[in-house]
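Undergrad: Just input-v4.cif, nothing more (mmCIF, N, CA and C atoms):
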data_coords
loop_
_atom_site.label_atom_id
_atom_site.label_comp_id
_atom_site.auth_asym_id
_atom_site.auth_seq_id
_atom_site.Cartn_x
_atom_site.Cartn_y
_atom_site.Cartn_z
N MET A 1 -71.48 26.57 -12.80
CA MET A 1 -70.94 26.35 -11.50
C MET A 1 -70.20 27.60 -11.09
N LEU A 2 -70.38 28.06 -9.89
CA LEU A 2 -69.69 29.23 -9.40
C LEU A 2 -68.43 28.80 -8.68
N VAL A 3 -67.35 29.49 -8.94
CA VAL A 3 -66.09 29.23 -8.28
C VAL A 3 -65.57 30.54 -7.74
N GLU A 4 -65.24 30.56 -6.46
CA GLU A 4 -64.72 31.76 -5.85
C GLU A 4 -63.26 31.92 -6.27
N SER A 5 -62.90 33.08 -6.71
CA SER A 5 -61.53 33.32 -7.13
C SER A 5 -60.72 33.88 -5.97
N ALA A 6 -59.45 34.14 -6.22
CA ALA A 6 -58.56 34.67 -5.19
C ALA A 6 -59.11 35.97 -4.60
N ASP A 7 -59.76 36.75 -5.40
CA ASP A 7 -60.42 37.97 -4.92
C ASP A 7 -61.81 37.55 -4.47
N SER A 8 -62.06 37.57 -3.17
CA SER A 8 -63.31 37.03 -2.64
C SER A 8 -64.54 37.76 -3.15
N ASN A 9 -64.36 38.92 -3.75
CA ASN A 9 -65.50 39.65 -4.31
C ASN A 9 -65.76 39.28 -5.76
N THR A 10 -64.96 38.40 -6.30
CA THR A 10 -65.09 38.02 -7.70
C THR A 10 -65.57 36.59 -7.80
N TRP A 11 -66.56 36.37 -8.63
CA TRP A 11 -67.07 35.03 -8.88
C TRP A 11 -66.96 34.74 -10.36
N LYS A 12 -66.62 33.53 -10.69
CA LYS A 12 -66.50 33.16 -12.09
C LYS A 12 -67.42 31.99 -12.38
N LEU A 13 -67.96 31.99 -13.57
CA LEU A 13 -68.82 30.90 -14.01
C LEU A 13 -68.00 29.98 -14.90
N PHE A 14 -67.89 28.70 -14.51
CA PHE A 14 -67.07 27.75 -15.24
C PHE A 14 -67.87 26.51 -15.61
N PHE A 15 -67.58 25.93 -16.73
CA PHE A 15 -67.88 24.56 -17.10
C PHE A 15 -69.34 24.18 -17.27
N TYR A 16 -70.29 24.96 -16.79
CA TYR A 16 -71.68 24.52 -16.86
C TYR A 16 -72.27 24.71 -18.25
N THR A 17 -72.97 23.70 -18.70
CA THR A 17 -73.81 23.85 -19.87
C THR A 17 -75.24 23.98 -19.36
N LEU A 18 -76.17 24.20 -20.24
CA LEU A 18 -77.56 24.30 -19.81
C LEU A 18 -78.04 23.01 -19.17
N GLU A 19 -77.47 21.89 -19.55
CA GLU A 19 -77.87 20.60 -19.00
C GLU A 19 -77.26 20.36 -17.62
N GLY A 20 -76.26 21.14 -17.23
CA GLY A 20 -75.68 21.02 -15.91
C GLY A 20 -74.49 20.09 -15.82
N HIS A 21 -73.91 19.69 -16.94
CA HIS A 21 -72.72 18.85 -16.88
C HIS A 21 -71.56 19.58 -17.57
N MET A 22 -70.39 19.00 -17.48
CA MET A 22 -69.19 19.64 -18.01
C MET A 22 -69.29 19.83 -19.52
N GLN A 23 -68.85 20.99 -19.99
CA GLN A 23 -68.82 21.26 -21.43
C GLN A 23 -67.84 20.31 -22.10
N SER A 24 -68.10 19.97 -23.33
CA SER A 24 -67.30 19.00 -24.06
C SER A 24 -65.85 19.43 -24.26
N ASP A 25 -65.58 20.72 -24.27
CA ASP A 25 -64.20 21.17 -24.48
C ASP A 25 -63.43 21.42 -23.18
N LYS A 26 -64.01 21.06 -22.05
CA LYS A 26 -63.35 21.18 -20.75
C LYS A 26 -62.81 19.82 -20.32
N TYR A 27 -61.98 19.81 -19.31
CA TYR A 27 -61.33 18.56 -18.93
C TYR A 27 -60.98 18.53 -17.44
N VAL A 28 -60.69 17.33 -16.97
CA VAL A 28 -60.21 17.08 -15.61
C VAL A 28 -58.82 16.50 -15.75
N VAL A 29 -57.88 17.01 -14.96
CA VAL A 29 -56.51 16.54 -15.02
C VAL A 29 -56.25 15.57 -13.86
N ILE A 30 -55.81 14.38 -14.20
CA ILE A 30 -55.39 13.41 -13.20
C ILE A 30 -53.87 13.38 -13.23
N GLN A 31 -53.27 13.82 -12.15
CA GLN A 31 -51.82 13.85 -12.07
C GLN A 31 -51.31 12.56 -11.42
N GLY A 32 -50.11 12.17 -11.81
CA GLY A 32 -49.54 10.92 -11.33
C GLY A 32 -49.49 10.80 -9.83
N TRP A 33 -49.18 11.89 -9.14
CA TRP A 33 -49.07 11.84 -7.68
C TRP A 33 -50.41 11.52 -7.02
N MET A 34 -51.51 11.83 -7.68
CA MET A 34 -52.83 11.50 -7.12
C MET A 34 -52.99 9.99 -7.00
N CYS A 35 -52.46 9.26 -7.97
CA CYS A 35 -52.50 7.79 -7.94
C CYS A 35 -51.38 7.22 -7.10
N ASN A 36 -50.17 7.71 -7.34
CA ASN A 36 -48.98 7.12 -6.73
C ASN A 36 -48.80 7.45 -5.26
N GLU A 37 -48.98 8.72 -4.90
CA GLU A 37 -48.75 9.13 -3.51
C GLU A 37 -50.02 9.07 -2.66
N LEU A 38 -51.15 9.45 -3.24
CA LEU A 38 -52.40 9.43 -2.48
C LEU A 38 -53.13 8.09 -2.59
N ASN A 39 -52.67 7.25 -3.52
CA ASN A 39 -53.27 5.93 -3.74
C ASN A 39 -54.76 6.00 -4.08
N LEU A 40 -55.14 7.03 -4.84
CA LEU A 40 -56.54 7.17 -5.24
C LEU A 40 -56.79 6.38 -6.51
N LYS A 41 -58.02 5.91 -6.65
CA LYS A 41 -58.43 5.22 -7.87
C LYS A 41 -59.94 5.35 -8.02
N GLY A 42 -60.42 5.02 -9.19
CA GLY A 42 -61.86 4.99 -9.45
C GLY A 42 -62.53 6.33 -9.23
N ASN A 43 -63.71 6.27 -8.63
CA ASN A 43 -64.52 7.48 -8.44
C ASN A 43 -63.87 8.48 -7.49
N GLU A 44 -63.17 7.99 -6.46
CA GLU A 44 -62.49 8.92 -5.56
C GLU A 44 -61.42 9.71 -6.32
N LEU A 45 -60.72 9.07 -7.23
CA LEU A 45 -59.71 9.74 -8.03
C LEU A 45 -60.35 10.81 -8.92
N LEU A 46 -61.44 10.47 -9.58
CA LEU A 46 -62.12 11.42 -10.46
C LEU A 46 -62.64 12.63 -9.68
N VAL A 47 -63.28 12.37 -8.55
CA VAL A 47 -63.84 13.45 -7.74
C VAL A 47 -62.73 14.33 -7.17
N PHE A 48 -61.66 13.71 -6.68
CA PHE A 48 -60.54 14.47 -6.15
C PHE A 48 -59.93 15.36 -7.25
N ALA A 49 -59.72 14.80 -8.43
CA ALA A 49 -59.13 15.56 -9.53
C ALA A 49 -60.01 16.75 -9.91
N LEU A 50 -61.31 16.56 -9.91
CA LEU A 50 -62.23 17.64 -10.23
C LEU A 50 -62.13 18.75 -9.19
N ILE A 51 -62.20 18.38 -7.91
CA ILE A 51 -62.12 19.38 -6.84
C ILE A 51 -60.74 20.06 -6.85
N HIS A 52 -59.70 19.29 -7.08
CA HIS A 52 -58.35 19.84 -7.14
C HIS A 52 -58.24 20.90 -8.24
N GLY A 53 -58.86 20.65 -9.36
CA GLY A 53 -58.81 21.60 -10.46
C GLY A 53 -59.39 22.95 -10.11
N PHE A 54 -60.32 22.98 -9.19
CA PHE A 54 -60.96 24.24 -8.80
C PHE A 54 -60.32 24.88 -7.57
N SER A 55 -59.58 24.11 -6.78
CA SER A 55 -59.11 24.65 -5.50
C SER A 55 -57.61 24.52 -5.29
N GLN A 56 -56.86 24.28 -6.33
CA GLN A 56 -55.44 24.04 -6.16
C GLN A 56 -54.63 25.28 -5.80
N ASP A 57 -55.22 26.46 -5.87
CA ASP A 57 -54.49 27.69 -5.56
C ASP A 57 -54.55 28.07 -4.09
N ASP A 58 -55.09 27.23 -3.25
CA ASP A 58 -55.22 27.46 -1.80
C ASP A 58 -56.23 28.55 -1.43
N VAL A 59 -56.91 29.12 -2.42
CA VAL A 59 -57.87 30.18 -2.15
C VAL A 59 -59.25 29.84 -2.70
N SER A 60 -59.31 29.34 -3.91
CA SER A 60 -60.58 29.04 -4.57
C SER A 60 -61.21 27.78 -4.00
N LYS A 61 -62.50 27.63 -4.26
CA LYS A 61 -63.25 26.48 -3.77
C LYS A 61 -64.11 25.90 -4.88
N TYR A 62 -64.47 24.63 -4.73
CA TYR A 62 -65.40 23.99 -5.65
C TYR A 62 -66.81 24.17 -5.10
N TYR A 63 -67.69 24.77 -5.88
CA TYR A 63 -69.07 25.02 -5.47
C TYR A 63 -70.08 24.28 -6.36
N GLY A 64 -69.61 23.39 -7.19
CA GLY A 64 -70.46 22.79 -8.20
C GLY A 64 -71.57 21.89 -7.70
N GLY A 65 -71.41 21.30 -6.56
CA GLY A 65 -72.44 20.44 -6.02
C GLY A 65 -72.31 18.99 -6.45
N ARG A 66 -73.04 18.15 -5.77
CA ARG A 66 -73.00 16.71 -5.99
C ARG A 66 -73.58 16.33 -7.35
N LYS A 67 -74.64 17.00 -7.76
CA LYS A 67 -75.28 16.65 -9.03
C LYS A 67 -74.35 16.93 -10.21
N TYR A 68 -73.60 18.00 -10.14
CA TYR A 68 -72.63 18.30 -11.20
C TYR A 68 -71.62 17.17 -11.33
N ILE A 69 -71.11 16.68 -10.20
CA ILE A 69 -70.16 15.56 -10.21
C ILE A 69 -70.82 14.33 -10.81
N ALA A 70 -72.03 14.04 -10.36
CA ALA A 70 -72.76 12.86 -10.86
C ALA A 70 -72.98 12.95 -12.36
N ASP A 71 -73.42 14.11 -12.83
CA ASP A 71 -73.68 14.29 -14.26
C ASP A 71 -72.39 14.25 -15.08
N THR A 72 -71.34 14.86 -14.56
CA THR A 72 -70.07 14.91 -15.27
C THR A 72 -69.48 13.53 -15.49
N PHE A 73 -69.50 12.70 -14.45
CA PHE A 73 -68.86 11.39 -14.53
C PHE A 73 -69.86 10.25 -14.76
N ASN A 74 -71.13 10.62 -14.97
CA ASN A 74 -72.17 9.62 -15.24
C ASN A 74 -72.24 8.57 -14.13
N ILE A 75 -72.27 9.07 -12.88
CA ILE A 75 -72.39 8.19 -11.72
C ILE A 75 -73.57 8.65 -10.88
N SER A 76 -74.04 7.81 -10.00
CA SER A 76 -75.21 8.13 -9.18
C SER A 76 -74.83 9.05 -8.01
N LEU A 77 -75.82 9.73 -7.45
CA LEU A 77 -75.58 10.57 -6.29
C LEU A 77 -75.05 9.77 -5.09
N PRO A 78 -75.58 8.56 -4.82
CA PRO A 78 -74.99 7.77 -3.73
C PRO A 78 -73.51 7.44 -3.98
N THR A 79 -73.14 7.23 -5.23
CA THR A 79 -71.74 6.98 -5.56
C THR A 79 -70.90 8.23 -5.33
N VAL A 80 -71.43 9.39 -5.68
CA VAL A 80 -70.75 10.66 -5.41
C VAL A 80 -70.57 10.83 -3.91
N ASP A 81 -71.64 10.57 -3.16
CA ASP A 81 -71.57 10.71 -1.70
C ASP A 81 -70.51 9.79 -1.11
N LYS A 82 -70.42 8.57 -1.61
CA LYS A 82 -69.43 7.61 -1.12
C LYS A 82 -68.02 8.10 -1.43
N ALA A 83 -67.81 8.62 -2.62
CA ALA A 83 -66.49 9.13 -3.00
C ALA A 83 -66.11 10.35 -2.16
N LEU A 84 -67.04 11.28 -1.99
CA LEU A 84 -66.78 12.46 -1.17
C LEU A 84 -66.47 12.05 0.27
N GLN A 85 -67.26 11.13 0.81
CA GLN A 85 -67.04 10.70 2.19
C GLN A 85 -65.69 10.01 2.34
N GLY A 86 -65.30 9.21 1.35
CA GLY A 86 -63.99 8.56 1.38
C GLY A 86 -62.86 9.58 1.40
N LEU A 87 -62.99 10.62 0.59
CA LEU A 87 -61.98 11.67 0.54
C LEU A 87 -61.95 12.48 1.84
N LEU A 88 -63.13 12.71 2.42
CA LEU A 88 -63.20 13.39 3.71
C LEU A 88 -62.57 12.53 4.81
N ASP A 89 -62.87 11.24 4.80
CA ASP A 89 -62.30 10.33 5.80
C ASP A 89 -60.78 10.28 5.73
N LYS A 90 -60.24 10.36 4.53
CA LYS A 90 -58.79 10.35 4.32
C LYS A 90 -58.18 11.73 4.58
N GLN A 91 -59.04 12.72 4.80
CA GLN A 91 -58.66 14.11 5.03
C GLN A 91 -57.98 14.74 3.82
N TYR A 92 -58.32 14.27 2.62
CA TYR A 92 -57.77 14.83 1.39
C TYR A 92 -58.54 16.06 0.94
N ILE A 93 -59.79 16.19 1.37
CA ILE A 93 -60.60 17.36 1.05
C ILE A 93 -61.23 17.89 2.33
N ILE A 94 -61.65 19.14 2.26
CA ILE A 94 -62.33 19.79 3.38
C ILE A 94 -63.69 20.26 2.87
N LYS A 95 -64.73 19.95 3.62
CA LYS A 95 -66.09 20.36 3.26
C LYS A 95 -66.48 21.56 4.11
N GLN A 96 -67.03 22.57 3.47
CA GLN A 96 -67.59 23.71 4.17
C GLN A 96 -69.09 23.71 3.88
N SER A 97 -69.86 23.40 4.89
CA SER A 97 -71.29 23.28 4.73
C SER A 97 -71.93 24.65 4.59
N SER A 98 -72.88 24.74 3.67
CA SER A 98 -73.58 26.01 3.45
C SER A 98 -74.58 26.26 4.58
N GLY A 99 -75.01 25.21 5.25
CA GLY A 99 -75.94 25.37 6.35
C GLY A 99 -77.38 25.57 5.94
N ASP A 100 -77.67 25.50 4.65
CA ASP A 100 -79.04 25.64 4.18
C ASP A 100 -79.25 24.77 2.94
N TYR A 101 -80.46 24.76 2.46
CA TYR A 101 -80.78 23.95 1.28
C TYR A 101 -80.77 24.77 -0.01
N ILE A 102 -80.43 26.03 0.09
CA ILE A 102 -80.42 26.90 -1.07
C ILE A 102 -79.06 26.86 -1.76
N HIS A 103 -77.99 26.89 -0.98
CA HIS A 103 -76.63 26.94 -1.51
C HIS A 103 -75.98 25.56 -1.41
N THR A 104 -75.09 25.29 -2.34
CA THR A 104 -74.36 24.02 -2.28
C THR A 104 -73.22 24.14 -1.28
N ASP A 105 -72.81 22.99 -0.76
CA ASP A 105 -71.62 22.95 0.08
C ASP A 105 -70.42 23.21 -0.81
N SER A 106 -69.34 23.70 -0.22
CA SER A 106 -68.13 23.90 -0.99
C SER A 106 -67.06 22.91 -0.52
N TYR A 107 -66.14 22.62 -1.40
CA TYR A 107 -65.06 21.69 -1.09
C TYR A 107 -63.74 22.29 -1.54
N THR A 108 -62.71 22.05 -0.75
CA THR A 108 -61.36 22.44 -1.12
C THR A 108 -60.44 21.25 -0.86
N ILE A 109 -59.30 21.28 -1.49
CA ILE A 109 -58.28 20.29 -1.22
C ILE A 109 -57.65 20.63 0.12
N ASN A 110 -57.40 19.62 0.94
CA ASN A 110 -56.71 19.83 2.20
C ASN A 110 -55.21 19.85 1.90
N ASN A 111 -54.73 21.01 1.50
CA ASN A 111 -53.34 21.12 1.05
C ASN A 111 -52.33 20.77 2.12
N LYS A 112 -52.70 20.95 3.38
CA LYS A 112 -51.78 20.60 4.47
C LYS A 112 -51.46 19.10 4.43
N VAL A 113 -52.48 18.28 4.25
CA VAL A 113 -52.29 16.83 4.20
C VAL A 113 -51.73 16.40 2.85
N VAL A 114 -52.30 16.91 1.78
CA VAL A 114 -51.91 16.49 0.44
C VAL A 114 -50.46 16.87 0.16
N LYS A 115 -50.07 18.10 0.48
CA LYS A 115 -48.69 18.53 0.24
C LYS A 115 -47.71 17.72 1.07
N LYS A 116 -48.09 17.39 2.30
CA LYS A 116 -47.21 16.59 3.15
C LYS A 116 -46.96 15.22 2.52
N LEU A 117 -48.01 14.59 2.02
CA LEU A 117 -47.86 13.29 1.37
C LEU A 117 -47.07 13.42 0.08
N TYR A 118 -47.41 14.43 -0.72
CA TYR A 118 -46.76 14.62 -2.02
C TYR A 118 -45.30 15.03 -1.84
N GLU A 119 -45.04 16.01 -1.00
CA GLU A 119 -43.67 16.47 -0.78
C GLU A 119 -42.83 15.40 -0.12
N GLY A 120 -43.43 14.63 0.80
CA GLY A 120 -42.71 13.54 1.45
C GLY A 120 -42.25 12.50 0.44
N SER A 121 -43.08 12.20 -0.54
CA SER A 121 -42.71 11.21 -1.55
C SER A 121 -41.62 11.76 -2.45
N LYS A 122 -41.62 13.08 -2.73
CA LYS A 122 -40.57 13.68 -3.55
C LYS A 122 -39.23 13.61 -2.82
N GLU A 123 -39.26 13.85 -1.50
CA GLU A 123 -38.01 13.77 -0.73
C GLU A 123 -37.46 12.34 -0.74
N THR A 124 -38.34 11.36 -0.61
CA THR A 124 -37.92 9.97 -0.63
C THR A 124 -37.30 9.61 -1.98
N ILE A 125 -37.94 10.05 -3.03
CA ILE A 125 -37.44 9.76 -4.38
C ILE A 125 -36.10 10.45 -4.60
N LEU A 126 -36.00 11.73 -4.22
CA LEU A 126 -34.76 12.47 -4.41
C LEU A 126 -33.65 11.92 -3.52
N GLY A 127 -34.00 11.51 -2.30
CA GLY A 127 -33.01 10.99 -1.38
C GLY A 127 -32.46 9.64 -1.76
N SER A 128 -33.18 8.90 -2.59
CA SER A 128 -32.75 7.56 -2.97
C SER A 128 -31.84 7.54 -4.18
N ARG A 129 -31.54 8.71 -4.76
CA ARG A 129 -30.69 8.79 -5.96
C ARG A 129 -29.24 8.58 -5.65
#
Could you express the structure from this file as structure tokens?

TA:
Amino acid sequence: MLVESADSNTWKLFFYTLEGHMQSDKYVVIQGWMCNELNLKGNELLVFALIHGFSQDDVSKYYGGRKYIADTFNISLPTVDKALQGLLDKQYIIKQSSGDYIHTDSYTINNKVVKKLYEGSKETILGSR
């Protein structure tokens, strides 16, 4: 899977095995705020956590494609599509279409929305002490 780094001229290859799924020594991090503040669960939570892992620096993007997600989490492509659409509808992720059938679409976390929800919950928690 190609991931664009902070330097737009640099590309890094991450996580892919020859079979096209995540390597056994790699992982996806699910943070508490993803469940508690964003109210994510199930496949939407898994897909969000995967995309977040690649795009949390506000510069990089997830380029792995739908099949990588399906293979990684052992779910069908329609299930991946449903999870991605749910995250798009909630405005938690942003899709950048490649516009062709050769390149995969890219996804990033919508940090404007996510940070507002996450930071808002931190203020509420801190303010209630």

Undergrad: Rounded to one decimal in Å, what is the spacing between atom N of Thr108 of chain A and atom CA of Gln85 of chain A?

TA: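 Spanning atom N of Thr108 of chain A to atom CA of Gln85 of chain A is a straight-line distance of 12.5 Å.
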
Undergrad: Choose the residue, out of A:Ile94, A:Leu50, A:Thr72, A:Asn43, that has the smallest atom-to-atom separation from Gln23 of chain A; count all atoms listed in the file.

TA: A:Thr72

Undergrad: DSSP on the backbone: what in segment 32-96 of chain A comes out helix (DSSP H, G or I), as a CSV table (one decimal) with N, CA and C atoms, in the coordinates of the input?

TA:
chain,number,residue,atom,x,y,z
A,32,GLY,N,-50.1,12.2,-11.8
A,32,GLY,CA,-49.5,10.9,-11.3
A,32,GLY,C,-49.5,10.8,-9.8
A,33,TRP,N,-49.2,11.9,-9.1
A,33,TRP,CA,-49.1,11.8,-7.7
A,33,TRP,C,-50.4,11.5,-7.0
A,34,MET,N,-51.5,11.8,-7.7
A,34,MET,CA,-52.8,11.5,-7.1
A,34,MET,C,-53.0,10.0,-7.0
A,35,CYS,N,-52.5,9.3,-8.0
A,35,CYS,CA,-52.5,7.8,-7.9
A,35,CYS,C,-51.4,7.2,-7.1
A,36,ASN,N,-50.2,7.7,-7.3
A,36,ASN,CA,-49.0,7.1,-6.7
A,36,ASN,C,-48.8,7.4,-5.3
A,42,GLY,N,-60.4,5.0,-9.2
A,42,GLY,CA,-61.9,5.0,-9.4
A,42,GLY,C,-62.5,6.3,-9.2
A,43,ASN,N,-63.7,6.3,-8.6
A,43,ASN,CA,-64.5,7.5,-8.4
A,43,ASN,C,-63.9,8.5,-7.5
A,44,GLU,N,-63.2,8.0,-6.5
A,44,GLU,CA,-62.5,8.9,-5.6
A,44,GLU,C,-61.4,9.7,-6.3
A,45,LEU,N,-60.7,9.1,-7.2
A,45,LEU,CA,-59.7,9.7,-8.0
A,45,LEU,C,-60.4,10.8,-8.9
A,46,LEU,N,-61.4,10.5,-9.6
A,46,LEU,CA,-62.1,11.4,-10.5
A,46,LEU,C,-62.6,12.6,-9.7
A,47,VAL,N,-63.3,12.4,-8.6
A,47,VAL,CA,-63.8,13.4,-7.7
A,47,VAL,C,-62.7,14.3,-7.2
A,48,PHE,N,-61.7,13.7,-6.7
A,48,PHE,CA,-60.5,14.5,-6.2
A,48,PHE,C,-59.9,15.4,-7.2
A,49,ALA,N,-59.7,14.8,-8.4
A,49,ALA,CA,-59.1,15.6,-9.5
A,49,ALA,C,-60.0,16.8,-9.9
A,50,LEU,N,-61.3,16.6,-9.9
A,50,LEU,CA,-62.2,17.6,-10.2
A,50,LEU,C,-62.1,18.8,-9.2
A,51,ILE,N,-62.2,18.4,-7.9
A,51,ILE,CA,-62.1,19.4,-6.8
A,51,ILE,C,-60.7,20.1,-6.8
A,52,HIS,N,-59.7,19.3,-7.1
A,52,HIS,CA,-58.4,19.8,-7.1
A,52,HIS,C,-58.2,20.9,-8.2
A,53,GLY,N,-58.9,20.6,-9.4
A,53,GLY,CA,-58.8,21.6,-10.5
A,53,GLY,C,-59.4,23.0,-10.1
A,54,PHE,N,-60.3,23.0,-9.2
A,54,PHE,CA,-61.0,24.2,-8.8
A,54,PHE,C,-60.3,24.9,-7.6
A,55,SER,N,-59.6,24.1,-6.8
A,55,SER,CA,-59.1,24.6,-5.5
A,55,SER,C,-57.6,24.5,-5.3
A,66,ARG,N,-73.0,18.2,-5.8
A,66,ARG,CA,-73.0,16.7,-6.0
A,66,ARG,C,-73.6,16.3,-7.4
A,67,LYS,N,-74.6,17.0,-7.8
A,67,LYS,CA,-75.3,16.6,-9.0
A,67,LYS,C,-74.4,16.9,-10.2
A,68,TYR,N,-73.6,18.0,-10.1
A,68,TYR,CA,-72.6,18.3,-11.2
A,68,TYR,C,-71.6,17.2,-11.3
A,69,ILE,N,-71.1,16.7,-10.2
A,69,ILE,CA,-70.2,15.6,-10.2
A,69,ILE,C,-70.8,14.3,-10.8
A,70,ALA,N,-72.0,14.0,-10.4
A,70,ALA,CA,-72.8,12.9,-10.9
A,70,ALA,C,-73.0,13.0,-12.4
A,71,ASP,N,-73.4,14.1,-12.8
A,71,ASP,CA,-73.7,14.3,-14.3
A,71,ASP,C,-72.4,14.2,-15.1
A,72,THR,N,-71.3,14.9,-14.6
A,72,THR,CA,-70.1,14.9,-15.3
A,72,THR,C,-69.5,13.5,-15.5
A,73,PHE,N,-69.5,12.7,-14.4
A,73,PHE,CA,-68.9,11.4,-14.5
A,73,PHE,C,-69.9,10.2,-14.8
A,77,LEU,N,-75.8,9.7,-7.4
A,77,LEU,CA,-75.6,10.6,-6.3
A,77,LEU,C,-75.0,9.8,-5.1
A,78,PRO,N,-75.6,8.6,-4.8
A,78,PRO,CA,-75.0,7.8,-3.7
A,78,PRO,C,-73.5,7.4,-4.0
A,79,THR,N,-73.1,7.2,-5.2
A,79,THR,CA,-71.7,7.0,-5.6
A,79,THR,C,-70.9,8.2,-5.3
A,80,VAL,N,-71.4,9.4,-5.7
A,80,VAL,CA,-70.8,10.7,-5.4
A,80,VAL,C,-70.6,10.8,-3.9
A,81,ASP,N,-71.6,10.6,-3.2
A,81,ASP,CA,-71.6,10.7,-1.7
A,81,ASP,C,-70.5,9.8,-1.1
A,82,LYS,N,-70.4,8.6,-1.6
A,82,LYS,CA,-69.4,7.6,-1.1
A,82,LYS,C,-68.0,8.1,-1.4
A,83,ALA,N,-67.8,8.6,-2.6
A,83,ALA,CA,-66.5,9.1,-3.0
A,83,ALA,C,-66.1,10.4,-2.2
A,84,LEU,N,-67.0,11.3,-2.0
A,84,LEU,CA,-66.8,12.5,-1.2
A,84,LEU,C,-66.5,12.0,0.3
A,85,GLN,N,-67.3,11.1,0.8
A,85,GLN,CA,-67.0,10.7,2.2
A,85,GLN,C,-65.7,10.0,2.3
A,86,GLY,N,-65.3,9.2,1.4
A,86,GLY,CA,-64.0,8.6,1.4
A,86,GLY,C,-62.9,9.6,1.4
A,87,LEU,N,-63.0,10.6,0.6
A,87,LEU,CA,-62.0,11.7,0.5
A,87,LEU,C,-62.0,12.5,1.8
A,88,LEU,N,-63.1,12.7,2.4
A,88,LEU,CA,-63.2,13.4,3.7
A,88,LEU,C,-62.6,12.5,4.8
A,89,ASP,N,-62.9,11.2,4.8
A,89,ASP,CA,-62.3,10.3,5.8
A,89,ASP,C,-60.8,10.3,5.7

Undergrad: Which of these residues is nearest to Lys67 of chain A, using only C-alpha atoms: A:Thr104, A:Asn36, A:Ser24, A:Asn111?

TA: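 Using only C-alpha atoms, Lys67 of chain A sits closest to A:Thr104.
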
Undergrad: I need the residue nearest Ala83 of chain A from this list: A:Glu37, A:Asp105, A:Glu119, A:Glu44. Use only C-alpha atoms for the distance.

TA: A:Glu44
